[in-house]
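See below for start_37.txt, which holds compact mmCIF, C-alpha atoms.
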# COMPACT_ATOMS: atom_id res chain seq x y z
CA THR S 3 13.36 1.93 -19.75
CA PHE S 4 10.34 0.65 -17.85
CA SER S 5 11.30 -2.50 -15.98
CA ARG S 6 7.98 -3.24 -14.26
CA GLY S 7 4.59 -1.90 -13.28
CA ARG S 8 2.52 -2.85 -10.27
CA ILE S 9 -0.34 -1.84 -8.05
CA LEU S 10 0.75 -0.91 -4.53
CA ILE S 11 -1.81 -0.99 -1.74
CA ALA S 12 -1.02 0.62 1.62
CA LYS S 13 -3.55 -0.52 4.20
CA ILE S 14 -4.93 1.80 6.87
CA ASP S 15 -2.33 2.60 9.58
CA HIS S 16 0.54 1.18 7.50
CA LYS S 17 3.95 2.77 8.05
CA GLY S 18 6.87 1.80 5.82
CA ASN S 19 10.46 1.82 7.04
CA THR S 20 12.94 4.31 5.61
CA HIS S 21 14.92 2.67 2.81
CA THR S 22 16.58 3.23 -0.57
CA ASP S 23 15.93 1.32 -3.79
CA GLU S 24 18.09 0.34 -6.76
CA GLN S 25 20.79 2.87 -7.57
CA THR S 26 19.55 3.31 -11.15
CA ALA S 27 15.82 3.43 -10.45
CA PHE S 28 13.16 6.09 -10.38
CA ARG S 29 9.52 5.36 -9.73
CA LEU S 30 6.49 6.87 -11.41
CA HIS S 31 3.50 7.03 -9.04
CA ILE S 32 -0.06 7.43 -10.28
CA PRO S 33 -2.36 7.67 -7.25
CA ILE S 34 -5.68 5.89 -7.83
CA ILE S 35 -7.18 6.15 -4.33
CA THR S 36 -5.62 8.17 -1.55
CA ASN S 37 -6.51 10.32 1.45
CA LEU S 38 -4.99 13.27 3.29
CA GLY S 39 -3.42 10.90 5.83
CA CYS S 40 -1.13 9.41 3.16
CA CYS S 41 2.32 10.82 2.58
CA MET S 42 5.75 9.89 1.31
CA THR S 43 8.82 11.23 3.07
CA PHE S 44 12.04 12.01 1.20
CA GLU S 45 14.96 13.32 3.25
CA ASP S 46 12.66 14.59 6.04
CA ALA S 47 10.25 16.40 3.67
CA LYS S 48 6.69 15.02 3.53
CA TYR S 49 4.68 14.93 0.29
CA HIS S 50 1.04 14.07 -0.31
CA MET S 51 0.18 12.83 -3.81
CA PRO S 52 -3.47 13.57 -4.62
CA ALA S 53 -5.41 11.19 -6.87
CA ASP S 54 -6.06 13.89 -9.47
CA GLY S 55 -4.66 12.22 -12.60
CA SER S 56 -1.11 13.50 -12.04
CA VAL S 57 2.02 11.38 -12.42
CA TYR S 58 4.69 11.84 -9.75
CA ILE S 59 8.37 11.05 -10.37
CA THR S 60 10.20 9.86 -7.26
CA ASN S 61 13.94 9.47 -6.89
CA THR S 62 14.16 6.25 -4.91
CA LYS S 63 17.95 6.48 -4.68
CA LYS S 64 17.29 8.85 -1.78
CA PRO S 65 16.13 7.58 1.60
CA HIS S 66 12.34 7.48 1.67
CA SER S 67 9.35 6.03 3.49
CA PHE S 68 5.58 6.27 3.34
CA ALA S 69 2.63 6.10 5.68
CA ASN S 70 -1.13 5.74 5.41
CA LEU S 71 -2.63 7.24 8.55
CA GLY S 72 -6.00 7.93 6.92
CA GLY S 73 -9.32 6.13 6.96
CA GLU S 74 -9.05 4.14 3.70
CA ASP S 75 -6.48 2.11 1.79
CA ARG S 76 -4.08 3.98 -0.48
CA ILE S 77 -3.76 2.53 -3.99
CA HIS S 78 -1.06 3.65 -6.43
CA LEU S 79 -0.10 2.40 -9.87
CA VAL S 80 3.72 2.38 -9.80
CA PHE S 81 6.23 1.94 -12.63
CA THR S 82 9.96 1.41 -12.15
CA VAL S 83 12.15 3.32 -14.60
CA LYS S 84 15.74 2.25 -15.04
CA VAL S 85 18.18 4.85 -16.29
CA ALA S 86 20.91 3.47 -18.54
CA SER S 87 24.40 4.41 -17.48
CA ARG S 88 26.46 6.14 -20.12
CA HIS S 89 30.03 5.01 -20.59
CA GLN S 90 32.59 7.49 -21.79
CA PRO S 91 35.25 6.16 -24.20
Can the structure from this file be put into structure tokens for me?
Amino acid sequence: TFSRGRILIAKIDHKGNTHTDEQTAFRLHIPIITNLGCCMTFEDAKYHMPADGSVYITNTKKPHSFANLGGEDRIHLVFTVKVASRHQP
């Protein structure tokens, strides 16, 4: 279930703190504008998401952060996806 969509803008030289999000949430990232100085870090592995029309699924239950160390703002369209828990009888 999609719970919200938003546009995230990371200004030049922005560095986000390592954090975790809701326990039932994944995020879909669609990069609109990015540069090679932008990356997201999940459990010490760095990932660059090119603005090539791809959709990236991120597991925000894991510790993560991001940084924009490039020469232009990074703009992503981001959707939060909530996964329904299944109860066993």
Practice item. Do a neighbour search on segment 44-60 of chain S at 10 Å with all atoms listed in the file, toss out local chain neighbours closer than 4 positions, and write the hits as a list in words. Key: Thr20, His21, Ala27, Phe28, Arg29, Leu30, His31, Ile32, Pro33, Ile34, Ile35, Thr36, Asn37, Leu38, Gly39, Cys40, Lys64, Pro65, His66, Ser67, Phe68, Arg76, Ile77, His78, Leu79, Val80, Phe81, Thr82 and Val83 of chain S
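Here atom CA of Gly73 of chain S and atom CA of Thr22 of chain S stand 27.1 Å from one another.
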Check your understanding: Can you tell me, as a ChimeraX atom specification, what residues are no more than 6 Å from Asp75 of chain S when counting only C-alpha atoms, ignoring any on the same chain fewer than 2 positions away?
Key -> /S:12-14
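Atom CA of Thr43 of chain S is positioned 21.4 Å from atom CA of Lys84 of chain S.
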Point to revise | Residue among S:Asp15, S:Met42, S:Val85, S:Gly7 lying closest to Asn70 of chain S, counting only C-alpha atoms | key: S:Asp15
Review point. So which one's closest to Leu71 of chain S, S:Ile11, S:Ser5, S:Asp23, S:Lys17? Using all atoms listed in the file, please.
Key: S:Lys17
Could you give me segment 30-57 of chain S completed to N, CA and C atoms, formatted as a compact mmCIF listing (two decimals), keeping the file's coordinate frame?
# COMPACT_ATOMS: atom_id res chain seq x y z
N LEU S 30 7.60 6.02 -11.01
CA LEU S 30 6.49 6.87 -11.41
C LEU S 30 5.27 6.42 -10.61
N HIS S 31 4.68 7.33 -9.85
CA HIS S 31 3.50 7.03 -9.04
C HIS S 31 2.28 7.69 -9.67
N ILE S 32 1.23 6.91 -9.86
CA ILE S 32 -0.06 7.43 -10.28
C ILE S 32 -1.06 7.04 -9.19
N PRO S 33 -1.40 7.99 -8.32
CA PRO S 33 -2.36 7.67 -7.25
C PRO S 33 -3.75 7.39 -7.83
N ILE S 34 -4.34 6.29 -7.40
CA ILE S 34 -5.68 5.89 -7.83
C ILE S 34 -6.69 6.24 -6.73
N ILE S 35 -6.38 5.81 -5.51
CA ILE S 35 -7.18 6.15 -4.33
C ILE S 35 -6.20 6.58 -3.24
N THR S 36 -6.49 7.70 -2.62
CA THR S 36 -5.62 8.17 -1.55
C THR S 36 -6.46 8.98 -0.57
N ASN S 37 -5.84 9.48 0.47
CA ASN S 37 -6.51 10.32 1.45
C ASN S 37 -5.47 11.26 2.05
N LEU S 38 -5.92 12.27 2.75
CA LEU S 38 -4.99 13.27 3.29
C LEU S 38 -4.04 12.73 4.35
N GLY S 39 -4.31 11.52 4.86
CA GLY S 39 -3.42 10.90 5.83
C GLY S 39 -2.28 10.12 5.20
N CYS S 40 -2.20 10.12 3.87
CA CYS S 40 -1.13 9.41 3.16
C CYS S 40 -0.03 10.40 2.79
N CYS S 41 1.21 9.98 3.02
CA CYS S 41 2.32 10.82 2.58
C CYS S 41 3.55 9.96 2.35
N MET S 42 4.43 10.46 1.49
CA MET S 42 5.75 9.89 1.31
C MET S 42 6.74 10.89 1.87
N THR S 43 7.79 10.38 2.49
CA THR S 43 8.82 11.23 3.07
C THR S 43 10.12 10.97 2.34
N PHE S 44 10.72 12.05 1.84
CA PHE S 44 12.04 12.01 1.20
C PHE S 44 12.93 13.00 1.94
N GLU S 45 14.00 12.47 2.54
CA GLU S 45 14.96 13.32 3.25
C GLU S 45 14.26 14.31 4.18
N ASP S 46 13.36 13.82 5.01
CA ASP S 46 12.66 14.59 6.04
C ASP S 46 11.61 15.56 5.51
N ALA S 47 11.32 15.57 4.23
CA ALA S 47 10.25 16.40 3.67
C ALA S 47 9.08 15.49 3.32
N LYS S 48 7.88 15.84 3.78
CA LYS S 48 6.69 15.02 3.53
C LYS S 48 5.93 15.55 2.32
N TYR S 49 5.43 14.60 1.50
CA TYR S 49 4.68 14.93 0.29
C TYR S 49 3.40 14.10 0.24
N HIS S 50 2.29 14.77 -0.06
CA HIS S 50 1.04 14.07 -0.31
C HIS S 50 0.82 14.08 -1.82
N MET S 51 0.45 12.94 -2.39
CA MET S 51 0.18 12.83 -3.81
C MET S 51 -1.31 12.64 -4.02
N PRO S 52 -2.02 13.71 -4.41
CA PRO S 52 -3.47 13.57 -4.62
C PRO S 52 -3.80 12.68 -5.81
N ALA S 53 -4.93 12.03 -5.75
CA ALA S 53 -5.41 11.19 -6.87
C ALA S 53 -6.18 12.09 -7.83
N ASP S 54 -5.45 12.92 -8.57
CA ASP S 54 -6.06 13.89 -9.47
C ASP S 54 -5.67 13.69 -10.93
N GLY S 55 -5.10 12.52 -11.24
CA GLY S 55 -4.66 12.22 -12.60
C GLY S 55 -3.21 12.56 -12.87
N SER S 56 -2.52 13.14 -11.88
CA SER S 56 -1.11 13.50 -12.04
C SER S 56 -0.22 12.28 -11.93
N VAL S 57 0.97 12.39 -12.54
CA VAL S 57 2.02 11.38 -12.42
C VAL S 57 3.15 12.01 -11.64
